[in-house]
Each structure stands twice: as C-alpha cells, then as structure tokens.
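Asks: run37.pdb is reproduced below (PDB, C-alpha atoms, pLDDT in the B column).
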```
ATOM      1  CA  MET D  56       0.000   0.000   0.000  1.00 48.00           C
ATOM      2  CA  SER D  57       1.328   3.406  -0.988  1.00 53.00           C
ATOM      3  CA  GLU D  58       1.494   6.208   1.588  1.00 58.00           C
ATOM      4  CA  THR D  59       1.609   8.948  -1.030  1.00 57.00           C
ATOM      5  CA  VAL D  60      -1.108  11.549  -1.253  1.00 53.00           C
ATOM      6  CA  PHE D  61      -3.942  10.177  -3.390  1.00 54.00           C
ATOM      7  CA  ASP D  62      -5.712  13.397  -4.260  1.00 54.00           C
ATOM      8  CA  PRO D  63      -3.514  16.179  -5.616  1.00 54.00           C
ATOM      9  CA  GLY D  64      -6.160  18.648  -4.388  1.00 54.00           C
ATOM     10  CA  LEU D  65      -5.959  17.166  -0.871  1.00 67.00           C
ATOM     11  CA  GLN D  66      -9.743  16.927  -0.544  1.00 74.00           C
ATOM     12  CA  PRO D  67      -9.726  14.476   2.417  1.00 74.00           C
ATOM     13  CA  GLU D  68      -7.267  16.708   4.280  1.00 79.00           C
ATOM     14  CA  ARG D  69      -9.382  19.793   3.642  1.00 81.00           C
ATOM     15  CA  THR D  70     -12.449  17.940   4.878  1.00 80.00           C
ATOM     16  CA  LEU D  71     -10.669  16.959   8.086  1.00 81.00           C
ATOM     17  CA  LEU D  72      -9.550  20.555   8.645  1.00 85.00           C
ATOM     18  CA  ALA D  73     -13.115  21.786   8.066  1.00 86.00           C
ATOM     19  CA  TRP D  74     -14.407  19.295  10.626  1.00 84.00           C
ATOM     20  CA  ARG D  75     -11.736  20.466  13.069  1.00 88.00           C
ATOM     21  CA  ARG D  76     -12.890  24.080  12.695  1.00 90.00           C
ATOM     22  CA  THR D  77     -16.555  23.099  12.983  1.00 88.00           C
ATOM     23  CA  CYS D  78     -16.024  21.052  16.139  1.00 87.00           C
ATOM     24  CA  LEU D  79     -13.919  23.799  17.676  1.00 89.00           C
ATOM     25  CA  ALA D  80     -16.718  26.265  16.913  1.00 90.00           C
ATOM     26  CA  PHE D  81     -19.192  23.931  18.673  1.00 86.00           C
ATOM     27  CA  VAL D  82     -16.982  23.843  21.771  1.00 89.00           C
ATOM     28  CA  VAL D  83     -16.639  27.643  21.788  1.00 90.00           C
ATOM     29  CA  ALA D  84     -20.393  28.097  21.263  1.00 89.00           C
ATOM     30  CA  SER D  85     -21.015  25.669  24.113  1.00 88.00           C
ATOM     31  CA  ALA D  86     -18.741  27.662  26.408  1.00 90.00           C
ATOM     32  CA  VAL D  87     -20.429  30.946  25.426  1.00 90.00           C
ATOM     33  CA  ALA D  88     -23.872  29.422  25.973  1.00 87.00           C
ATOM     34  CA  LEU D  89     -22.723  28.161  29.370  1.00 88.00           C
ATOM     35  CA  ARG D  90     -21.496  31.635  30.293  1.00 91.00           C
ATOM     36  CA  PHE D  91     -24.887  33.185  29.567  1.00 89.00           C
ATOM     37  CA  THR D  92     -27.186  30.399  30.778  1.00 88.00           C
ATOM     38  CA  VAL D  93     -25.532  29.213  33.985  1.00 88.00           C
ATOM     39  CA  GLY D  94     -27.140  31.998  36.031  1.00 88.00           C
ATOM     40  CA  SER D  95     -30.687  31.066  35.096  1.00 87.00           C
ATOM     41  CA  LEU D  96     -30.432  27.347  34.301  1.00 87.00           C
ATOM     42  CA  GLY D  97     -27.767  26.375  36.837  1.00 89.00           C
ATOM     43  CA  VAL D  98     -26.525  22.795  36.809  1.00 91.00           C
ATOM     44  CA  VAL D  99     -28.591  21.921  33.738  1.00 89.00           C
ATOM     45  CA  ALA D 100     -26.587  24.446  31.692  1.00 88.00           C
ATOM     46  CA  VAL D 101     -23.319  22.935  32.910  1.00 90.00           C
ATOM     47  CA  ILE D 102     -24.414  19.393  32.092  1.00 91.00           C
ATOM     48  CA  VAL D 103     -25.683  20.320  28.628  1.00 88.00           C
ATOM     49  CA  SER D 104     -22.510  22.288  27.929  1.00 89.00           C
ATOM     50  CA  LEU D 105     -20.329  19.325  28.902  1.00 90.00           C
ATOM     51  CA  ILE D 106     -22.415  16.954  26.784  1.00 90.00           C
ATOM     52  CA  THR D 107     -22.252  19.316  23.805  1.00 89.00           C
ATOM     53  CA  ALA D 108     -18.480  19.704  24.133  1.00 89.00           C
ATOM     54  CA  GLY D 109     -18.124  15.931  24.482  1.00 89.00           C
ATOM     55  CA  LEU D 110     -20.227  15.290  21.379  1.00 87.00           C
ATOM     56  CA  SER D 111     -18.149  17.831  19.473  1.00 88.00           C
ATOM     57  CA  ALA D 112     -14.947  16.073  20.514  1.00 88.00           C
ATOM     58  CA  ALA D 113     -16.464  12.704  19.614  1.00 87.00           C
ATOM     59  CA  ALA D 114     -17.450  14.049  16.187  1.00 86.00           C
ATOM     60  CA  TYR D 115     -13.916  15.278  15.571  1.00 87.00           C
ATOM     61  CA  PHE D 116     -12.189  12.078  16.690  1.00 88.00           C
ATOM     62  CA  THR D 117     -14.647   9.966  14.695  1.00 86.00           C
ATOM     63  CA  MET D 118     -13.954  12.093  11.638  1.00 84.00           C
ATOM     64  CA  ALA D 119     -10.186  11.848  12.181  1.00 84.00           C
ATOM     65  CA  HIS D 120     -10.522   8.058  12.305  1.00 83.00           C
ATOM     66  CA  GLY D 121     -12.679   8.228   9.181  1.00 79.00           C
ATOM     67  CA  TYR D 122     -10.011  10.314   7.448  1.00 79.00           C
ATOM     68  CA  ARG D 123      -7.431   7.600   8.089  1.00 79.00           C
ATOM     69  CA  ARG D 124      -9.839   4.994   6.711  1.00 77.00           C
ATOM     70  CA  VAL D 125     -10.564   7.126   3.637  1.00 73.00           C
ATOM     71  CA  HIS D 126      -6.864   7.640   3.018  1.00 71.00           C
ATOM     72  CA  ARG D 127      -6.242   3.893   3.230  1.00 74.00           C
ATOM     73  CA  ALA D 128      -9.247   3.184   1.007  1.00 71.00           C
ATOM     74  CA  LEU D 129      -8.168   5.702  -1.620  1.00 68.00           C
ATOM     75  CA  THR D 130      -4.600   4.437  -1.766  1.00 68.00           C
ATOM     76  CA  ALA D 131      -5.779   0.817  -1.879  1.00 68.00           C
ATOM     77  CA  GLU D 132      -8.542   1.624  -4.382  1.00 60.00           C
ATOM     78  CA  ASP D 133     -11.232   0.479  -1.960  1.00 55.00           C
ATOM     79  CA  ARG D 134     -14.594   2.073  -1.358  1.00 59.00           C
ATOM     80  CA  PRO D 135     -14.396   5.033   1.096  1.00 58.00           C
ATOM     81  CA  PRO D 136     -16.495   4.793   4.293  1.00 58.00           C
ATOM     82  CA  SER D 137     -19.570   6.890   4.975  1.00 62.00           C
ATOM     83  CA  PRO D 138     -19.191   9.895   7.315  1.00 65.00           C
ATOM     84  CA  GLY D 139     -22.594   9.370   8.953  1.00 75.00           C
ATOM     85  CA  VAL D 140     -21.479   9.018  12.581  1.00 75.00           C
ATOM     86  CA  PRO D 141     -19.641  12.369  12.902  1.00 78.00           C
ATOM     87  CA  ILE D 142     -22.554  14.112  11.217  1.00 80.00           C
ATOM     88  CA  ALA D 143     -24.946  12.555  13.742  1.00 83.00           C
ATOM     89  CA  PHE D 144     -22.736  13.709  16.650  1.00 82.00           C
ATOM     90  CA  ALA D 145     -22.618  17.232  15.233  1.00 82.00           C
ATOM     91  CA  CYS D 146     -26.403  17.300  14.745  1.00 83.00           C
ATOM     92  CA  VAL D 147     -27.074  16.208  18.318  1.00 86.00           C
ATOM     93  CA  ALA D 148     -24.584  18.796  19.630  1.00 85.00           C
ATOM     94  CA  THR D 149     -26.310  21.510  17.610  1.00 85.00           C
ATOM     95  CA  LEU D 150     -29.751  20.474  18.830  1.00 87.00           C
ATOM     96  CA  LEU D 151     -28.608  20.439  22.468  1.00 86.00           C
ATOM     97  CA  LEU D 152     -27.010  23.847  22.120  1.00 84.00           C
ATOM     98  CA  GLY D 153     -30.154  25.251  20.518  1.00 86.00           C
ATOM     99  CA  ALA D 154     -32.375  23.712  23.206  1.00 87.00           C
ATOM    100  CA  THR D 155     -30.201  25.236  25.916  1.00 86.00           C
ATOM    101  CA  CYS D 156     -30.440  28.682  24.348  1.00 83.00           C
ATOM    102  CA  ALA D 157     -34.215  28.287  23.915  1.00 86.00           C
ATOM    103  CA  ALA D 158     -34.553  27.251  27.575  1.00 86.00           C
ATOM    104  CA  PHE D 159     -32.499  30.289  28.577  1.00 84.00           C
ATOM    105  CA  LEU D 160     -34.819  32.580  26.621  1.00 85.00           C
ATOM    106  CA  VAL D 161     -37.906  31.029  28.198  1.00 86.00           C
ATOM    107  CA  VAL D 162     -36.517  31.105  31.741  1.00 86.00           C
ATOM    108  CA  SER D 163     -35.130  34.638  31.473  1.00 82.00           C
ATOM    109  CA  ALA D 164     -38.439  35.940  30.109  1.00 76.00           C
ATOM    110  CA  PHE D 165     -40.175  35.159  33.401  1.00 74.00           C
TER     111      PHE D 165
END
```
How does the structure come out when it is put into structure tokens?

Replies:
Amino acid sequence: MSETVFDPGLQPERTLLAWRRTCLAFVVASAVALRFTVGSLGVVAVIVSLITAGLSAAAYFTMAHGYRRVHRALTAEDRPPSPGVPIAFACVATLLLGATCAAFLVVSAF
C-alpha cells in the first residue's frame, strides 16, 4: 500500500480541517452558551454544555478516524467509508445547544 497523497487537491485533508474548525466552533459556542445560561439554568446548563463539548470532541475524533480509513481506502482503491457518525454527533450537539439557548430565553423571560 502506498502512503503517497492520493488526491492532488488534498480533498480528504481539507475535509478533516473543516471538521476540526466546525467542532472547535461547537466547543466555543457551548462555552459561550454556558457563560450566559448558567445563572438562570444552573446545573442543567453545565451538564448540557459538557455533553455538547463531548459530542463535538467525539465528532472530531470519529472524523479523524474516518479520514485515516478514507486515506487507506483511496490508496488501496477500496470504497471510502460513509461519514454518517460524525454528522450525527454534530447534529445532536447543535440540537442540544439550541435547546439550551431556547430554555435560557424562556426562563429569562419570566
């Protein structure tokens, strides 16, 4: 198996870097949401923030593992794997973050 770069445009590497930026943005958004919601939601905000950050990290590490599999598949002329799991992690993290912000708006309105 060759360890040379398969794609001269480095598409798998760009995808991994994009996932890294996206997951980092989720972690930062989680920290910002925690900062604003901890006063009104308390422990629930902390728990949701930790879960969201954990899901973001899981999405990144799953995607990094997927990148290695894609690289091996491309150099061995196999079929690349599907990136469904990291996308699911990112979706759940986004939904949790949105639910936390919605709960903050409801609680702070009263």

Asks: If we count all atoms listed in the file, what is near Phe144 (chain D) at a cut-off of 6 Å, once residues fewer than 3 positions away on the same chain are taken out, given as a ChimeraX atom specification?

Replies: /D:110,114,141,147

Asks: Provide the CA of Ala108 (chain D) to CA of Trp74 (chain D) distance in Å, to one decimal place.

Replies: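 So the two atoms, CA of Ala108 (chain D) and CA of Trp74 (chain D), lie 14.1 Å apart.
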
Asks: Kindly provide, as a ChimeraX atom specification, the polymer residues lying within 12 Å of (-30.2, 28.8, 23.7), counting all atoms listed in the file and using the coordinates exactly as they appear in the file.

Replies: /D:84-93,95-96,100,103-104,149-163

Asks: Let me make sure I understand: among D:Val99, D:Val83, D:Thr107, D:Ala73, which one has the smallest atom-to-atom distance to Cys146 (chain D) if we use only C-alpha atoms?

Replies: D:Thr107

Asks: Between CA of Gly109 (chain D) and CA of Ala148 (chain D), what is the spacing in Å?

Replies: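 Answer for the CA of Ala148 (chain D) to CA of Gly109 (chain D) separation: 8.6 Å.
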
Asks: Provide an axis-aligned box for all listed atoms of region 100-104 of chain D, padding each side by 4 Å; report its centre and its edge lengths in Å to one decimal, as JSON.

Replies:
```
{"center_x": -24.5, "center_y": 21.9, "center_z": 30.4, "size_x": 12.1, "size_y": 13.1, "size_z": 13.0}
```

Asks: Distance CA of Val101 (chain D)-CA of Leu71 (chain D), one decimal place?

Replies: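 Computed distance, CA of Val101 (chain D) to CA of Leu71 (chain D), equals 28.5 Å.
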
Asks: Determine, counting only C-alpha atoms, which protein, DNA and RNA residues have an atom within 10 Å of an atom of Ala112 (chain D); residues of the same chain fewer than 4 positions away are not included. Present the result as a list in words.

Replies: Arg75, Cys78, Leu79, Phe81, Val82, Ile106, Thr107, Ala108, Phe116, Thr117, Met118, Pro141, Phe144 and Ala145 of chain D

Asks: If I only have part of region 119-130 of chain D, can you fill in all heavy atoms and write it as a compact mmCIF listing (two decimals), in the frame of the given file?

Replies:
```
# COMPACT_ATOMS: atom_id res chain seq x y z
N ALA D 119 -11.62 12.08 12.37
CA ALA D 119 -10.19 11.85 12.18
C ALA D 119 -9.93 10.37 11.89
O ALA D 119 -9.12 10.03 11.01
CB ALA D 119 -9.41 12.29 13.42
N HIS D 120 -10.64 9.50 12.59
CA HIS D 120 -10.52 8.06 12.30
C HIS D 120 -11.03 7.76 10.90
O HIS D 120 -10.44 6.98 10.16
CB HIS D 120 -11.30 7.26 13.35
CG HIS D 120 -11.31 5.80 13.09
ND1 HIS D 120 -10.19 5.01 13.22
CD2 HIS D 120 -12.31 4.97 12.68
CE1 HIS D 120 -10.49 3.76 12.91
NE2 HIS D 120 -11.77 3.72 12.58
N GLY D 121 -12.14 8.40 10.53
CA GLY D 121 -12.68 8.23 9.18
C GLY D 121 -11.72 8.72 8.11
O GLY D 121 -11.62 8.13 7.03
N TYR D 122 -11.00 9.82 8.40
CA TYR D 122 -10.01 10.31 7.45
C TYR D 122 -8.94 9.27 7.19
O TYR D 122 -8.56 9.01 6.05
CB TYR D 122 -9.37 11.60 7.96
CG TYR D 122 -8.06 11.90 7.25
CD1 TYR D 122 -8.06 12.35 5.93
CD2 TYR D 122 -6.85 11.67 7.88
CE1 TYR D 122 -6.87 12.58 5.27
CE2 TYR D 122 -5.66 11.91 7.22
CZ TYR D 122 -5.68 12.36 5.92
OH TYR D 122 -4.50 12.58 5.26
N ARG D 123 -8.46 8.63 8.27
CA ARG D 123 -7.43 7.60 8.09
C ARG D 123 -7.97 6.44 7.26
O ARG D 123 -7.27 5.90 6.41
CB ARG D 123 -6.92 7.13 9.44
CG ARG D 123 -6.04 8.16 10.13
CD ARG D 123 -5.37 7.61 11.37
NE ARG D 123 -6.31 7.27 12.42
CZ ARG D 123 -6.79 8.10 13.32
NH1 ARG D 123 -6.42 9.37 13.28
NH2 ARG D 123 -7.63 7.70 14.25
N ARG D 124 -9.24 6.08 7.49
CA ARG D 124 -9.84 4.99 6.71
C ARG D 124 -10.00 5.40 5.25
O ARG D 124 -9.76 4.60 4.35
CB ARG D 124 -11.18 4.60 7.30
CG ARG D 124 -11.03 3.86 8.60
CD ARG D 124 -12.33 3.42 9.22
NE ARG D 124 -13.46 3.31 8.33
CZ ARG D 124 -14.71 3.49 8.71
NH1 ARG D 124 -14.99 3.80 9.95
NH2 ARG D 124 -15.69 3.36 7.85
N VAL D 125 -10.40 6.65 5.01
CA VAL D 125 -10.56 7.13 3.64
C VAL D 125 -9.22 7.14 2.93
O VAL D 125 -9.10 6.73 1.78
CB VAL D 125 -11.21 8.53 3.61
CG1 VAL D 125 -11.06 9.19 2.26
CG2 VAL D 125 -12.67 8.44 3.99
N HIS D 126 -8.19 7.60 3.62
CA HIS D 126 -6.86 7.64 3.02
C HIS D 126 -6.40 6.23 2.63
O HIS D 126 -5.90 6.02 1.53
CB HIS D 126 -5.86 8.29 3.97
CG HIS D 126 -4.48 8.36 3.41
ND1 HIS D 126 -4.16 9.19 2.36
CD2 HIS D 126 -3.35 7.70 3.72
CE1 HIS D 126 -2.89 9.04 2.04
NE2 HIS D 126 -2.38 8.13 2.87
N ARG D 127 -6.61 5.29 3.54
CA ARG D 127 -6.24 3.89 3.23
C ARG D 127 -7.07 3.37 2.07
O ARG D 127 -6.55 2.69 1.19
CB ARG D 127 -6.43 3.00 4.45
CG ARG D 127 -5.31 3.05 5.43
CD ARG D 127 -5.42 1.92 6.43
NE ARG D 127 -6.71 1.96 7.13
CZ ARG D 127 -6.88 2.44 8.35
NH1 ARG D 127 -5.86 2.92 9.02
NH2 ARG D 127 -8.07 2.43 8.90
N ALA D 128 -8.38 3.68 2.07
CA ALA D 128 -9.25 3.18 1.01
C ALA D 128 -8.87 3.78 -0.34
O ALA D 128 -8.88 3.09 -1.36
CB ALA D 128 -10.71 3.50 1.34
N LEU D 129 -8.52 5.06 -0.35
CA LEU D 129 -8.17 5.70 -1.62
C LEU D 129 -6.84 5.18 -2.16
O LEU D 129 -6.68 5.02 -3.36
CB LEU D 129 -8.11 7.22 -1.45
CG LEU D 129 -9.45 7.91 -1.25
CD1 LEU D 129 -9.24 9.38 -0.94
CD2 LEU D 129 -10.34 7.73 -2.45
N THR D 130 -5.89 4.93 -1.29
CA THR D 130 -4.60 4.44 -1.77
C THR D 130 -4.67 2.97 -2.12
O THR D 130 -3.87 2.49 -2.91
CB THR D 130 -3.49 4.68 -0.73
OG1 THR D 130 -3.87 4.09 0.51
CG2 THR D 130 -3.24 6.16 -0.54
```
